[in-house]
Structures are given as structure tokens and as C-alpha cells.
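Student: Got a file for you: query.cif, mmCIF, C-alpha atoms.
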```
data_my_file
#
loop_
_atom_site.group_PDB
_atom_site.id
_atom_site.type_symbol
_atom_site.label_atom_id
_atom_site.label_comp_id
_atom_site.auth_asym_id
_atom_site.auth_seq_id
_atom_site.Cartn_x
_atom_site.Cartn_y
_atom_site.Cartn_z
ATOM 1 C CA MET A 148 103.458 -15.811 -242.045
ATOM 2 C CA GLU A 149 104.351 -18.556 -244.500
ATOM 3 C CA ILE A 150 103.362 -22.137 -243.732
ATOM 4 C CA PRO A 151 106.544 -24.232 -243.856
ATOM 5 C CA TYR A 152 106.906 -27.490 -245.810
ATOM 6 C CA THR A 153 104.132 -26.959 -248.347
ATOM 7 C CA VAL A 154 106.385 -27.809 -251.297
ATOM 8 C CA SER A 155 109.185 -29.971 -249.921
ATOM 9 C CA THR A 156 108.692 -32.697 -247.336
ATOM 10 C CA ARG A 157 109.831 -32.492 -243.726
ATOM 11 C CA GLN A 158 112.749 -34.769 -243.009
ATOM 12 C CA ASP A 159 111.322 -36.295 -239.833
ATOM 13 C CA THR A 160 107.812 -37.042 -241.165
ATOM 14 C CA GLY A 161 108.649 -37.485 -244.851
ATOM 15 C CA LEU A 162 105.452 -35.518 -245.530
ATOM 16 C CA THR A 163 104.381 -32.012 -246.435
ATOM 17 C CA ASN A 164 102.572 -30.229 -243.606
ATOM 18 C CA GLY A 165 99.481 -29.908 -245.776
ATOM 19 C CA LYS A 166 99.224 -33.652 -246.185
ATOM 20 C CA ILE A 167 99.578 -34.516 -242.508
ATOM 21 C CA GLY A 168 97.077 -31.723 -241.817
ATOM 22 C CA ILE A 169 94.432 -33.088 -244.169
ATOM 23 C CA TRP A 170 94.874 -36.630 -242.787
ATOM 24 C CA LEU A 171 94.433 -35.404 -239.198
ATOM 25 C CA PHE A 172 91.293 -33.593 -240.327
ATOM 26 C CA LEU A 173 90.014 -36.756 -242.029
ATOM 27 C CA ALA A 174 90.692 -38.689 -238.812
ATOM 28 C CA SER A 175 88.382 -36.258 -236.978
ATOM 29 C CA GLU A 176 85.819 -36.676 -239.776
ATOM 30 C CA VAL A 177 85.880 -40.460 -239.277
ATOM 31 C CA MET A 178 84.892 -39.837 -235.652
ATOM 32 C CA LEU A 179 82.122 -37.401 -236.675
ATOM 33 C CA PHE A 180 80.502 -39.854 -239.094
ATOM 34 C CA GLY A 181 81.393 -42.732 -236.758
ATOM 35 C CA ALA A 182 79.305 -41.168 -233.990
ATOM 36 C CA LEU A 183 76.335 -40.938 -236.347
ATOM 37 C CA PHE A 184 76.786 -44.516 -237.575
ATOM 38 C CA ALA A 185 76.898 -45.626 -233.919
ATOM 39 C CA SER A 186 73.671 -43.653 -233.353
ATOM 40 C CA TYR A 187 72.152 -45.467 -236.326
ATOM 41 C CA ILE A 188 73.041 -48.858 -234.800
ATOM 42 C CA LEU A 189 71.627 -47.807 -231.427
ATOM 43 C CA LEU A 190 68.390 -46.481 -232.958
ATOM 44 C CA ARG A 191 67.931 -49.521 -235.177
ATOM 45 C CA THR A 192 68.613 -52.155 -232.516
ATOM 46 C CA GLY A 193 66.385 -50.285 -230.055
ATOM 47 C CA ALA A 194 63.470 -49.874 -232.451
ATOM 48 C CA PRO A 195 60.562 -52.326 -232.292
ATOM 49 C CA GLU A 196 60.439 -52.308 -236.098
ATOM 50 C CA TRP A 197 62.659 -50.880 -238.820
ATOM 51 C CA PRO A 198 61.678 -50.361 -242.464
ATOM 52 C CA ARG A 199 63.724 -51.702 -245.368
ATOM 53 C CA GLY A 200 65.284 -48.618 -246.945
ATOM 54 C CA ALA A 201 63.976 -49.618 -250.373
ATOM 55 C CA SER A 202 60.361 -49.442 -249.131
ATOM 56 C CA ILE A 203 60.718 -45.675 -248.517
ATOM 57 C CA LEU A 204 63.724 -44.543 -250.559
ATOM 58 C CA ASN A 205 64.491 -44.582 -254.285
ATOM 59 C CA VAL A 206 67.171 -47.265 -254.877
ATOM 60 C CA PRO A 207 67.669 -46.647 -258.651
ATOM 61 C CA LEU A 208 68.333 -42.910 -258.027
ATOM 62 C CA ALA A 209 70.771 -43.681 -255.213
ATOM 63 C CA THR A 210 72.529 -46.310 -257.358
ATOM 64 C CA PHE A 211 72.892 -43.689 -260.067
ATOM 65 C CA ASN A 212 74.324 -41.269 -257.499
ATOM 66 C CA THR A 213 76.773 -43.927 -256.292
ATOM 67 C CA VAL A 214 78.038 -44.314 -259.877
ATOM 68 C CA VAL A 215 78.260 -40.496 -260.189
ATOM 69 C CA LEU A 216 80.298 -40.106 -257.004
ATOM 70 C CA ILE A 217 82.662 -43.001 -257.792
ATOM 71 C CA SER A 218 83.201 -41.526 -261.277
ATOM 72 C CA SER A 219 83.987 -38.143 -259.709
ATOM 73 C CA SER A 220 86.618 -39.827 -257.536
ATOM 74 C CA VAL A 221 88.240 -41.217 -260.692
ATOM 75 C CA THR A 222 88.212 -37.824 -262.437
ATOM 76 C CA MET A 223 89.662 -36.283 -259.243
ATOM 77 C CA VAL A 224 92.597 -38.688 -259.139
ATOM 78 C CA MET A 225 93.074 -38.203 -262.900
ATOM 79 C CA ALA A 226 93.189 -34.419 -262.346
ATOM 80 C CA TRP A 227 96.082 -34.930 -259.924
ATOM 81 C CA ALA A 228 97.790 -37.451 -262.240
ATOM 82 C CA SER A 229 97.517 -34.910 -265.092
ATOM 83 C CA LEU A 230 99.435 -32.350 -263.022
ATOM 84 C CA MET A 231 102.058 -34.991 -262.225
ATOM 85 C CA ARG A 232 102.382 -35.538 -265.996
ATOM 86 C CA ASN A 233 102.657 -31.788 -266.527
ATOM 87 C CA ARG A 234 99.435 -31.641 -268.556
ATOM 88 C CA PHE A 235 97.595 -28.604 -267.264
ATOM 89 C CA GLY A 236 94.879 -28.698 -269.958
ATOM 90 C CA ALA A 237 93.932 -32.258 -269.004
ATOM 91 C CA PHE A 238 93.884 -31.205 -265.336
ATOM 92 C CA ARG A 239 91.339 -28.480 -266.143
ATOM 93 C CA GLY A 240 89.120 -30.993 -267.934
ATOM 94 C CA TYR A 241 89.219 -33.616 -265.186
ATOM 95 C CA MET A 242 88.811 -31.083 -262.372
ATOM 96 C CA GLY A 243 85.876 -29.462 -264.189
ATOM 97 C CA ALA A 244 84.301 -32.921 -264.601
ATOM 98 C CA THR A 245 84.803 -33.598 -260.872
ATOM 99 C CA VAL A 246 82.969 -30.404 -259.911
ATOM 100 C CA LEU A 247 80.187 -31.073 -262.451
ATOM 101 C CA LEU A 248 79.684 -34.647 -261.204
ATOM 102 C CA GLY A 249 79.429 -33.258 -257.661
ATOM 103 C CA GLY A 250 76.717 -30.939 -259.023
ATOM 104 C CA VAL A 251 74.870 -33.874 -260.625
ATOM 105 C CA PHE A 252 74.939 -35.664 -257.251
ATOM 106 C CA LEU A 253 73.393 -32.624 -255.538
ATOM 107 C CA VAL A 254 70.683 -32.224 -258.192
ATOM 108 C CA VAL A 255 69.679 -35.895 -257.841
ATOM 109 C CA LYS A 256 69.674 -35.480 -254.057
ATOM 110 C CA TYR A 257 67.441 -32.396 -254.440
ATOM 111 C CA PHE A 258 64.886 -34.434 -256.409
ATOM 112 C CA GLU A 259 65.075 -37.237 -253.839
ATOM 113 C CA TYR A 260 64.499 -34.861 -250.932
ATOM 114 C CA SER A 261 61.647 -33.012 -252.684
ATOM 115 C CA ALA A 262 59.914 -36.323 -253.477
ATOM 116 C CA LYS A 263 60.084 -37.198 -249.764
ATOM 117 C CA PHE A 264 58.716 -33.803 -248.690
ATOM 118 C CA HIS A 265 56.001 -34.080 -251.341
ATOM 119 C CA HIS A 266 54.844 -37.318 -249.694
ATOM 120 C CA GLU A 267 54.932 -35.614 -246.284
ATOM 121 C CA LEU A 268 58.008 -37.574 -245.227
ATOM 122 C CA TYR A 269 60.098 -35.366 -242.944
ATOM 123 C CA PRO A 270 62.860 -35.963 -240.387
ATOM 124 C CA ARG A 271 60.177 -35.782 -237.702
ATOM 125 C CA THR A 272 58.044 -38.469 -239.395
ATOM 126 C CA ASN A 273 59.912 -41.438 -237.940
ATOM 127 C CA THR A 274 63.294 -42.501 -236.534
ATOM 128 C CA PHE A 275 64.450 -44.018 -239.825
ATOM 129 C CA LEU A 276 63.842 -40.761 -241.718
ATOM 130 C CA ALA A 277 65.424 -38.749 -238.901
ATOM 131 C CA ILE A 278 68.738 -40.613 -239.176
ATOM 132 C CA TYR A 279 68.429 -40.753 -243.006
ATOM 133 C CA PHE A 280 68.152 -36.965 -243.308
ATOM 134 C CA THR A 281 70.859 -36.376 -240.690
ATOM 135 C CA LEU A 282 73.416 -38.683 -242.349
ATOM 136 C CA THR A 283 72.684 -37.739 -245.970
ATOM 137 C CA GLY A 284 72.341 -34.044 -245.048
ATOM 138 C CA LEU A 285 75.741 -33.968 -243.367
ATOM 139 C CA HIS A 286 77.224 -35.880 -246.294
ATOM 140 C CA MET A 287 75.657 -33.388 -248.718
ATOM 141 C CA LEU A 288 77.313 -30.507 -246.860
ATOM 142 C CA HIS A 289 80.635 -32.305 -247.370
ATOM 143 C CA VAL A 290 79.932 -32.628 -251.105
ATOM 144 C CA MET A 291 79.258 -28.872 -251.237
ATOM 145 C CA GLY A 292 82.456 -28.079 -249.321
ATOM 146 C CA GLY A 293 84.556 -30.330 -251.554
ATOM 147 C CA MET A 294 83.005 -28.802 -254.680
ATOM 148 C CA ALA A 295 83.807 -25.279 -253.459
ATOM 149 C CA VAL A 296 87.483 -26.127 -252.895
ATOM 150 C CA ASN A 297 87.757 -28.042 -256.191
ATOM 151 C CA ALA A 298 86.057 -25.205 -258.078
ATOM 152 C CA TRP A 299 88.601 -22.813 -256.568
ATOM 153 C CA PHE A 300 91.501 -24.959 -257.807
ATOM 154 C CA TRP A 301 89.834 -25.292 -261.221
ATOM 155 C CA GLY A 302 89.427 -21.500 -261.448
ATOM 156 C CA PRO A 303 91.320 -18.689 -259.688
ATOM 157 C CA GLY A 304 93.360 -21.023 -257.460
ATOM 158 C CA ALA A 305 95.012 -22.544 -260.555
ATOM 159 C CA LYS A 306 97.156 -19.398 -260.946
ATOM 160 C CA LEU A 307 99.575 -21.019 -258.509
ATOM 161 C CA TRP A 308 100.465 -23.570 -261.210
ATOM 162 C CA LYS A 309 102.380 -20.846 -263.090
ATOM 163 C CA THR A 310 104.499 -19.741 -260.142
ATOM 164 C CA ASN A 311 104.824 -22.925 -258.055
ATOM 165 C CA PRO A 312 103.589 -26.081 -259.849
ATOM 166 C CA GLN A 313 104.700 -28.498 -257.118
ATOM 167 C CA TRP A 314 102.833 -26.574 -254.428
ATOM 168 C CA PHE A 315 99.705 -26.520 -256.613
ATOM 169 C CA THR A 316 99.994 -30.272 -257.287
ATOM 170 C CA ASN A 317 100.247 -30.920 -253.533
ATOM 171 C CA ARG A 318 97.161 -28.798 -252.898
ATOM 172 C CA VAL A 319 95.174 -30.707 -255.511
ATOM 173 C CA GLU A 320 96.323 -33.998 -253.966
ATOM 174 C CA ASN A 321 95.062 -32.823 -250.559
ATOM 175 C CA SER A 322 91.691 -31.621 -251.830
ATOM 176 C CA GLY A 323 91.509 -34.996 -253.612
ATOM 177 C CA LEU A 324 92.038 -36.824 -250.317
ATOM 178 C CA PHE A 325 89.017 -34.985 -248.913
ATOM 179 C CA TRP A 326 86.936 -35.720 -252.027
ATOM 180 C CA HIS A 327 87.770 -39.454 -251.935
ATOM 181 C CA PHE A 328 86.804 -39.491 -248.253
ATOM 182 C CA VAL A 329 83.391 -38.028 -249.152
ATOM 183 C CA ASP A 330 83.050 -40.802 -251.769
ATOM 184 C CA LEU A 331 84.102 -43.397 -249.184
ATOM 185 C CA VAL A 332 81.431 -42.233 -246.704
ATOM 186 C CA TRP A 333 78.780 -42.541 -249.424
ATOM 187 C CA ILE A 334 79.967 -46.081 -250.240
ATOM 188 C CA PHE A 335 78.881 -47.017 -246.684
ATOM 189 C CA LEU A 336 75.799 -44.757 -246.501
ATOM 190 C CA PHE A 337 74.288 -46.213 -249.671
ATOM 191 C CA PRO A 338 73.900 -49.856 -248.555
ATOM 192 C CA VAL A 339 73.211 -48.967 -244.901
ATOM 193 C CA LEU A 340 70.336 -46.562 -245.642
ATOM 194 C CA TYR A 341 68.958 -47.794 -248.961
ATOM 195 C CA LEU A 342 69.589 -51.516 -249.196
ATOM 196 C CA LEU A 343 69.254 -52.895 -245.662
ATOM 197 C CA MET B 135 107.901 -34.129 -259.039
ATOM 198 C CA GLY B 136 108.062 -37.180 -256.799
ATOM 199 C CA ALA B 137 107.225 -39.802 -259.401
ATOM 200 C CA HIS B 138 108.352 -40.199 -262.998
ATOM 201 C CA ALA B 139 105.934 -40.033 -265.904
ATOM 202 C CA VAL B 140 106.250 -43.808 -266.454
ATOM 203 C CA ASP B 141 105.198 -44.472 -262.832
ATOM 204 C CA ILE B 142 102.198 -42.220 -263.284
ATOM 205 C CA ASP B 143 101.164 -44.139 -266.416
ATOM 206 C CA LYS B 144 101.212 -47.306 -264.309
ATOM 207 C CA HIS B 145 99.134 -45.527 -261.624
ATOM 208 C CA VAL B 146 96.560 -44.444 -264.202
ATOM 209 C CA ARG B 147 96.109 -48.041 -265.429
ATOM 210 C CA VAL B 148 95.463 -49.084 -261.803
ATOM 211 C CA TYR B 149 92.909 -46.247 -261.379
ATOM 212 C CA ILE B 150 90.954 -47.524 -264.389
ATOM 213 C CA LEU B 151 90.977 -51.099 -263.010
ATOM 214 C CA VAL B 152 89.839 -49.876 -259.572
ATOM 215 C CA PHE B 153 87.064 -47.849 -261.249
ATOM 216 C CA ALA B 154 85.852 -50.984 -263.065
ATOM 217 C CA ALA B 155 85.973 -53.018 -259.833
ATOM 218 C CA LEU B 156 83.976 -50.341 -257.961
ATOM 219 C CA MET B 157 81.302 -50.319 -260.680
ATOM 220 C CA VAL B 158 80.991 -54.124 -260.679
ATOM 221 C CA LEU B 159 80.746 -54.192 -256.862
ATOM 222 C CA THR B 160 78.056 -51.475 -256.928
ATOM 223 C CA ILE B 161 75.982 -53.602 -259.312
ATOM 224 C CA VAL B 162 76.582 -56.710 -257.155
ATOM 225 C CA THR B 163 75.504 -55.003 -253.915
ATOM 226 C CA VAL B 164 72.285 -53.694 -255.520
ATOM 227 C CA ALA B 165 71.577 -57.080 -257.180
ATOM 228 C CA VAL B 166 72.032 -58.905 -253.852
ATOM 229 C CA SER B 167 69.503 -56.562 -252.211
ATOM 230 C CA TYR B 168 66.851 -57.836 -254.648
ATOM 231 C CA LEU B 169 67.433 -61.430 -253.476
ATOM 232 C CA HIS B 170 65.692 -60.544 -250.164
ATOM 233 C CA LEU B 171 68.124 -62.450 -247.960
ATOM 234 C CA SER B 172 67.464 -62.647 -244.214
ATOM 235 C CA VAL B 173 68.364 -59.376 -242.451
ATOM 236 C CA PRO B 174 71.610 -60.626 -240.782
ATOM 237 C CA ALA B 175 72.821 -62.195 -244.063
ATOM 238 C CA ALA B 176 71.953 -59.052 -246.044
ATOM 239 C CA ILE B 177 73.806 -56.852 -243.534
ATOM 240 C CA GLY B 178 76.836 -59.164 -243.684
ATOM 241 C CA VAL B 179 77.031 -59.214 -247.482
ATOM 242 C CA ALA B 180 76.406 -55.456 -247.836
ATOM 243 C CA LEU B 181 79.054 -54.547 -245.251
ATOM 244 C CA VAL B 182 81.657 -56.907 -246.756
ATOM 245 C CA ILE B 183 81.118 -55.398 -250.233
ATOM 246 C CA ALA B 184 81.167 -51.829 -248.853
ATOM 247 C CA THR B 185 84.381 -52.565 -246.935
ATOM 248 C CA VAL B 186 86.065 -53.935 -250.077
ATOM 249 C CA LYS B 187 84.944 -50.867 -252.078
ATOM 250 C CA GLY B 188 86.028 -48.486 -249.325
ATOM 251 C CA SER B 189 89.422 -50.191 -249.065
ATOM 252 C CA LEU B 190 89.937 -49.880 -252.835
ATOM 253 C CA VAL B 191 89.229 -46.140 -252.644
ATOM 254 C CA ALA B 192 91.474 -45.658 -249.609
ATOM 255 C CA CYS B 193 94.347 -47.817 -250.887
ATOM 256 C CA TYR B 194 94.518 -46.626 -254.499
ATOM 257 C CA PHE B 195 92.762 -43.249 -254.895
ATOM 258 C CA MET B 196 94.046 -42.026 -251.519
ATOM 259 C CA HIS B 197 97.414 -43.723 -252.102
ATOM 260 C CA LEU B 198 97.432 -45.605 -248.814
ATOM 261 C CA VAL B 199 99.232 -48.559 -250.461
ATOM 262 C CA SER B 200 102.407 -46.485 -250.336
ATOM 263 C CA GLU B 201 102.177 -43.863 -247.587
ATOM 264 C CA LYS B 202 104.523 -42.658 -244.883
ATOM 265 C CA LYS B 203 104.602 -44.284 -241.431
ATOM 266 C CA LEU B 204 103.174 -41.248 -239.636
ATOM 267 C CA ILE B 205 99.946 -41.429 -241.634
ATOM 268 C CA TYR B 206 99.566 -45.149 -240.873
ATOM 269 C CA ALA B 207 100.090 -44.322 -237.184
ATOM 270 C CA VAL B 208 97.378 -41.644 -237.274
ATOM 271 C CA LEU B 209 94.988 -44.009 -239.051
ATOM 272 C CA LEU B 210 95.706 -46.908 -236.695
ATOM 273 C CA LEU B 211 94.705 -44.714 -233.771
ATOM 274 C CA THR B 212 91.617 -43.565 -235.692
ATOM 275 C CA VAL B 213 90.535 -47.148 -236.454
ATOM 276 C CA LEU B 214 90.978 -48.050 -232.780
ATOM 277 C CA PHE B 215 88.774 -45.194 -231.591
ATOM 278 C CA PHE B 216 86.272 -45.828 -234.398
ATOM 279 C CA VAL B 217 85.845 -49.471 -233.356
ATOM 280 C CA VAL B 218 85.341 -48.428 -229.723
ATOM 281 C CA LEU B 219 82.757 -45.888 -230.892
ATOM 282 C CA LEU B 220 80.834 -48.496 -232.889
ATOM 283 C CA PHE B 221 80.790 -50.814 -229.881
ATOM 284 C CA VAL B 222 79.440 -48.171 -227.503
ATOM 285 C CA PRO B 223 75.806 -49.013 -228.440
ATOM 286 C CA PHE B 224 76.362 -52.617 -227.350
ATOM 287 C CA PHE B 225 76.935 -51.520 -223.768
ATOM 288 C CA THR B 226 73.237 -50.686 -223.652
ATOM 289 C CA VAL B 227 72.600 -54.383 -224.227
ATOM 290 C CA ALA B 228 75.347 -55.583 -221.893
ATOM 291 C CA ASP B 229 74.292 -53.504 -218.893
ATOM 292 C CA GLY B 230 71.460 -55.929 -218.131
ATOM 293 C CA ILE B 231 68.727 -53.317 -217.918
ATOM 294 C CA GLU B 232 65.714 -54.676 -219.702
ATOM 295 C CA VAL B 233 63.744 -52.307 -221.846
ATOM 296 C CA ARG B 234 60.075 -53.123 -222.021
ATOM 297 C CA ALA B 235 57.655 -51.478 -224.373
#
```
So that I can check it, write out the structure of this file as C-alpha cells.
Tutor:
Amino acid sequence: MEIPYTVSTRQDTGLTNGKIGIWLFLASEVMLFGALFASYILLRTGAPEWPRGASILNVPLATFNTVVLISSSVTMVMAWASLMRNRFGAFRGYMGATVLLGGVFLVVKYFEYSAKFHHELYPRTNTFLAIYFTLTGLHMLHVMGGMAVNAWFWGPGAKLWKTNPQWFTNRVENSGLFWHFVDLVWIFLFPVLYLL
Amino acid sequence: MGAHAVDIDKHVRVYILVFAALMVLTIVTVAVSYLHLSVPAAIGVALVIATVKGSLVACYFMHLVSEKKLIYAVLLLTVLFFVVLLFVPFFTVADGIEVRA
């Protein structure tokens, strides 16, 4: 069965169904991360002592990763803008860069995690590390999910551009909304876990 | 396509400006952390900067500056529930049960 209103907008909502769908999903994601942020507040205020993130975690690496993720948000929005300008080649470049930057983020995160494990710092070590691994681990899964979808649109999924360019542009806009959300979560995770 | 090429050119200029602002704010938030402010002050500054950065991403990259009413309605409800969620931990303080180590 075909999903209606993927190309044209519904008259009553003024939106494509895909777009309202992704925003409803993001609303549920806000609650998922919100619950964990609330847990963080509860754990921190209830703890007799709480370490400064910088005393355990690597701030320069995380700063670098913040720059990487923000840059990937820019390349993502440029990928969409390229489709709007009818420049498919530019789209490929920007989308490829978005996926690669996501990969760089994961590689840096791998080195961060291994350094912690090397120093015998595990989720079970203390409450701070428990919430650190939970929040960054869940965020990392989101990066992986976003990369998979973006890689699909960069590769085989891009065939849709030839038959239905507007539909493809809408899909890229929606996957972009998810990717920017992942960036937005990191913008809050970075200061909360590393700097405070 | 919804927007004309000229509009998109304008959008792209805004994206570059937002990118620059996000980079500057990232440097500022890290720099402030080296000042070793008191914990409440540090939390305040960090959250204000993060909120500004997050709003820039949401407004410009996610196009919330010009979205349809239904999406604003969904997000208003989300913000409401999110705020309630963040305040849930405070009930553990307000219930008057003292926790002693």
C-alpha cells in the first residue's frame, strides 16, 4: 500500500505525512533523553560528591567531536539545499561528508571508551561513569542509526532522485531532521558530562 | 520545489553564519570551563550557551523559524512534558523525607 502525501502536502496540515511522522518521533526521542537527563539530575543531587567531568574525561577530544558533529549538521543541511538547487553532484558530496563525519565521531568515541576501559573505568565503577556511558552510549546508537539512513540515501536510495526528485528531497529533509536532533542532543551532553 | 533558487541561496548564507556562531559558542563554553567558576555559576553559563546553540540548530537547520502550526503544537506539548519530566527529581526534595548517610 502506498503512503499518501509523501510528495505533496496535505491540505489540512500543510505538511507531508513523512514530516509530521519524523517530528512525532523526535518528540518521543525528547522524552527518552529527557528521562535520562532527569535521572542525571536525580543522581547528581543525591550523590554525596560528584566529580568534575574534566577530571575523568578527555575534554579536548570531546571538543573536537563537538566540532565534528556540528560540521556534519552543516553538511547535512547543505546536502538538502543542493537537492533544492537541483545539484545532485553537490548533494552526493555533502551527504558523503555527513556520513564520513559521523564515522569520525564514532572513531573518536571508540578511542575515548577504550582509554576508559584501559584505566579500569567501567559503568559499574561509579555513578558518574554509569550515567556517562548510558547517555553517550545511547547517543552513539543514534549516530549509527542516522549514518545508516544517510548512507542509504547517499547510495542505493538515491535512485529515487531520477524518478521522483521531490519525494527524494523530502526524504533527505526528514533524515536531516533526525541528524540535527542527534547533534542537538550532543550540544547538551557535552557541557553536562564533560565541563560541569 | 517549494522554494526558489534565490531563497535557497539566502538560506545557505544563513547556514554559514549559524555554523560560525556554533563554533564560536563551542570555544566560549570550553574556555569558560577553564575559569573554574563556582558550580552553580558554571552550570548556569554552560546551560545558557547550550540552549542558545540548541536553539540555533532547531530554528535554522531544522527550519523551525518557518514551520507549520501543527509542528509547533506538537513541540509545545513536548516542551510541556519535558519540563514536567525535568522537575520530577525535585519532588524527592519537596516530599520532606530526609535522607541521611
Student: Just need the residues of chain B within 6 Å of chain A, counting all atoms listed in the file, so spit them out as a list in words.
Tutor: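 Applying the cut-off to the listed atoms yields Ala139, Ser167, Ala184, Gly188, Met196, Thr212, Leu220 and Pro223 of chain B.
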Student: Between atom CA of A:Leu340 and atom CA of B:Pro174, measure the distance and give it in Å to one decimal.
Tutor: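 Those two atoms sit 14.9 Å apart.
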Student: Figure out the distance between atom CA of A:Val154 and atom CA of A:Trp314, please, to one decimal in Å.
Tutor: 4.9 Å
Student: Evaluate the PyMOL selection byres ((chain A and resi 300) around 12) here and jot the selected residues down as a PyMOL selection string.
Tutor: chain A and resi 223+226-227+235+238-239+241-243+245-246+293-299+301-308+314-323
Student: List, as an MDAnalysis selection string, every residue that the PyMOL selection byres ((chain A and resi 253-258) around 9) selects in the file provided.
Tutor: chainID A and resid 208:209 211:212 248:252 259:263 283 287 290:291
Student: If I take atom CA of B:Phe195 and atom CA of A:Asn164, how far is one from the other in Å, to one decimal?
Tutor: 19.8 Å
Student: Let me make sure I understand: among B:Ile205, B:Leu214, B:Val186, B:Ile177, which one has the smallest atom-to-atom distance to B:Val152 if we use only C-alpha atoms?
Tutor: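 Of the candidates, the smallest distance to B:Val152 is held by B:Val186.
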Student: Output: stretch 199-225 of chain A of the preceding structure, restricted to N, CA and C atoms, written as a PDB file, in the first residue's frame.
Tutor:
```
ATOM      1  N   ARG A 199      34.171  16.539  38.775  1.00  0.00           N
ATOM      2  CA  ARG A 199      34.121  17.376  37.575  1.00  0.00           C
ATOM      3  C   ARG A 199      34.440  16.471  36.397  1.00  0.00           C
ATOM      4  N   GLY A 200      33.612  16.572  35.341  1.00  0.00           N
ATOM      5  CA  GLY A 200      33.805  15.708  34.177  1.00  0.00           C
ATOM      6  C   GLY A 200      35.241  15.705  33.680  1.00  0.00           C
ATOM      7  N   ALA A 201      35.850  16.915  33.671  1.00  0.00           N
ATOM      8  CA  ALA A 201      37.194  17.067  33.112  1.00  0.00           C
ATOM      9  C   ALA A 201      38.237  16.264  33.884  1.00  0.00           C
ATOM     10  N   SER A 202      37.945  15.916  35.172  1.00  0.00           N
ATOM     11  CA  SER A 202      38.930  15.181  35.954  1.00  0.00           C
ATOM     12  C   SER A 202      38.975  13.706  35.537  1.00  0.00           C
ATOM     13  N   ILE A 203      37.954  13.230  34.830  1.00  0.00           N
ATOM     14  CA  ILE A 203      37.914  11.828  34.395  1.00  0.00           C
ATOM     15  C   ILE A 203      37.942  11.733  32.873  1.00  0.00           C
ATOM     16  N   LEU A 204      37.239  12.667  32.210  1.00  0.00           N
ATOM     17  CA  LEU A 204      37.050  12.560  30.761  1.00  0.00           C
ATOM     18  C   LEU A 204      38.018  13.476  30.006  1.00  0.00           C
ATOM     19  N   ASN A 205      38.134  13.219  28.709  1.00  0.00           N
ATOM     20  CA  ASN A 205      39.063  13.949  27.847  1.00  0.00           C
ATOM     21  C   ASN A 205      38.334  15.104  27.149  1.00  0.00           C
ATOM     22  N   VAL A 206      38.494  16.328  27.692  1.00  0.00           N
ATOM     23  CA  VAL A 206      37.778  17.499  27.153  1.00  0.00           C
ATOM     24  C   VAL A 206      38.222  17.858  25.719  1.00  0.00           C
ATOM     25  N   PRO A 207      39.561  17.878  25.439  1.00  0.00           N
ATOM     26  CA  PRO A 207      39.958  18.222  24.057  1.00  0.00           C
ATOM     27  C   PRO A 207      39.342  17.284  23.012  1.00  0.00           C
ATOM     28  N   LEU A 208      39.312  15.962  23.302  1.00  0.00           N
ATOM     29  CA  LEU A 208      38.718  15.010  22.342  1.00  0.00           C
ATOM     30  C   LEU A 208      37.232  15.287  22.142  1.00  0.00           C
ATOM     31  N   ALA A 209      36.534  15.568  23.255  1.00  0.00           N
ATOM     32  CA  ALA A 209      35.096  15.815  23.169  1.00  0.00           C
ATOM     33  C   ALA A 209      34.809  17.137  22.460  1.00  0.00           C
ATOM     34  N   THR A 210      35.690  18.129  22.654  1.00  0.00           N
ATOM     35  CA  THR A 210      35.537  19.408  21.948  1.00  0.00           C
ATOM     36  C   THR A 210      35.682  19.170  20.444  1.00  0.00           C
ATOM     37  N   PHE A 211      36.698  18.370  20.108  1.00  0.00           N
ATOM     38  CA  PHE A 211      36.904  18.014  18.703  1.00  0.00           C
ATOM     39  C   PHE A 211      35.655  17.328  18.145  1.00  0.00           C
ATOM     40  N   ASN A 212      35.089  16.412  18.917  1.00  0.00           N
ATOM     41  CA  ASN A 212      33.892  15.699  18.457  1.00  0.00           C
ATOM     42  C   ASN A 212      32.678  16.629  18.320  1.00  0.00           C
ATOM     43  N   THR A 213      32.617  17.640  19.185  1.00  0.00           N
ATOM     44  CA  THR A 213      31.533  18.625  19.086  1.00  0.00           C
ATOM     45  C   THR A 213      31.643  19.363  17.752  1.00  0.00           C
ATOM     46  N   VAL A 214      32.879  19.773  17.414  1.00  0.00           N
ATOM     47  CA  VAL A 214      33.121  20.470  16.141  1.00  0.00           C
ATOM     48  C   VAL A 214      32.752  19.544  14.971  1.00  0.00           C
ATOM     49  N   VAL A 215      33.131  18.262  15.083  1.00  0.00           N
ATOM     50  CA  VAL A 215      32.835  17.286  14.019  1.00  0.00           C
ATOM     51  C   VAL A 215      31.326  17.161  13.803  1.00  0.00           C
ATOM     52  N   LEU A 216      30.580  17.037  14.905  1.00  0.00           N
ATOM     53  CA  LEU A 216      29.142  16.811  14.784  1.00  0.00           C
ATOM     54  C   LEU A 216      28.415  18.062  14.277  1.00  0.00           C
ATOM     55  N   ILE A 217      28.846  19.241  14.731  1.00  0.00           N
ATOM     56  CA  ILE A 217      28.238  20.483  14.241  1.00  0.00           C
ATOM     57  C   ILE A 217      28.527  20.626  12.744  1.00  0.00           C
ATOM     58  N   SER A 218      29.766  20.312  12.341  1.00  0.00           N
ATOM     59  CA  SER A 218      30.114  20.385  10.912  1.00  0.00           C
ATOM     60  C   SER A 218      29.242  19.437  10.096  1.00  0.00           C
ATOM     61  N   SER A 219      28.981  18.240  10.656  1.00  0.00           N
ATOM     62  CA  SER A 219      28.168  17.261   9.923  1.00  0.00           C
ATOM     63  C   SER A 219      26.727  17.748   9.789  1.00  0.00           C
ATOM     64  N   SER A 220      26.274  18.559  10.744  1.00  0.00           N
ATOM     65  CA  SER A 220      24.928  19.125  10.637  1.00  0.00           C
ATOM     66  C   SER A 220      24.887  20.129   9.473  1.00  0.00           C
ATOM     67  N   VAL A 221      25.981  20.883   9.331  1.00  0.00           N
ATOM     68  CA  VAL A 221      26.053  21.866   8.240  1.00  0.00           C
ATOM     69  C   VAL A 221      26.087  21.141   6.886  1.00  0.00           C
ATOM     70  N   THR A 222      26.915  20.089   6.782  1.00  0.00           N
ATOM     71  CA  THR A 222      26.970  19.368   5.504  1.00  0.00           C
ATOM     72  C   THR A 222      25.614  18.712   5.204  1.00  0.00           C
ATOM     73  N   MET A 223      24.914  18.273   6.264  1.00  0.00           N
ATOM     74  CA  MET A 223      23.592  17.655   6.077  1.00  0.00           C
ATOM     75  C   MET A 223      22.604  18.657   5.482  1.00  0.00           C
ATOM     76  N   VAL A 224      22.577  19.860   6.050  1.00  0.00           N
ATOM     77  CA  VAL A 224      21.620  20.858   5.570  1.00  0.00           C
ATOM     78  C   VAL A 224      22.029  21.325   4.165  1.00  0.00           C
ATOM     79  N   MET A 225      23.344  21.316   3.897  1.00  0.00           N
ATOM     80  CA  MET A 225      23.819  21.687   2.556  1.00  0.00           C
ATOM     81  C   MET A 225      23.456  20.603   1.525  1.00  0.00           C
TER      82      MET A 225
END
```
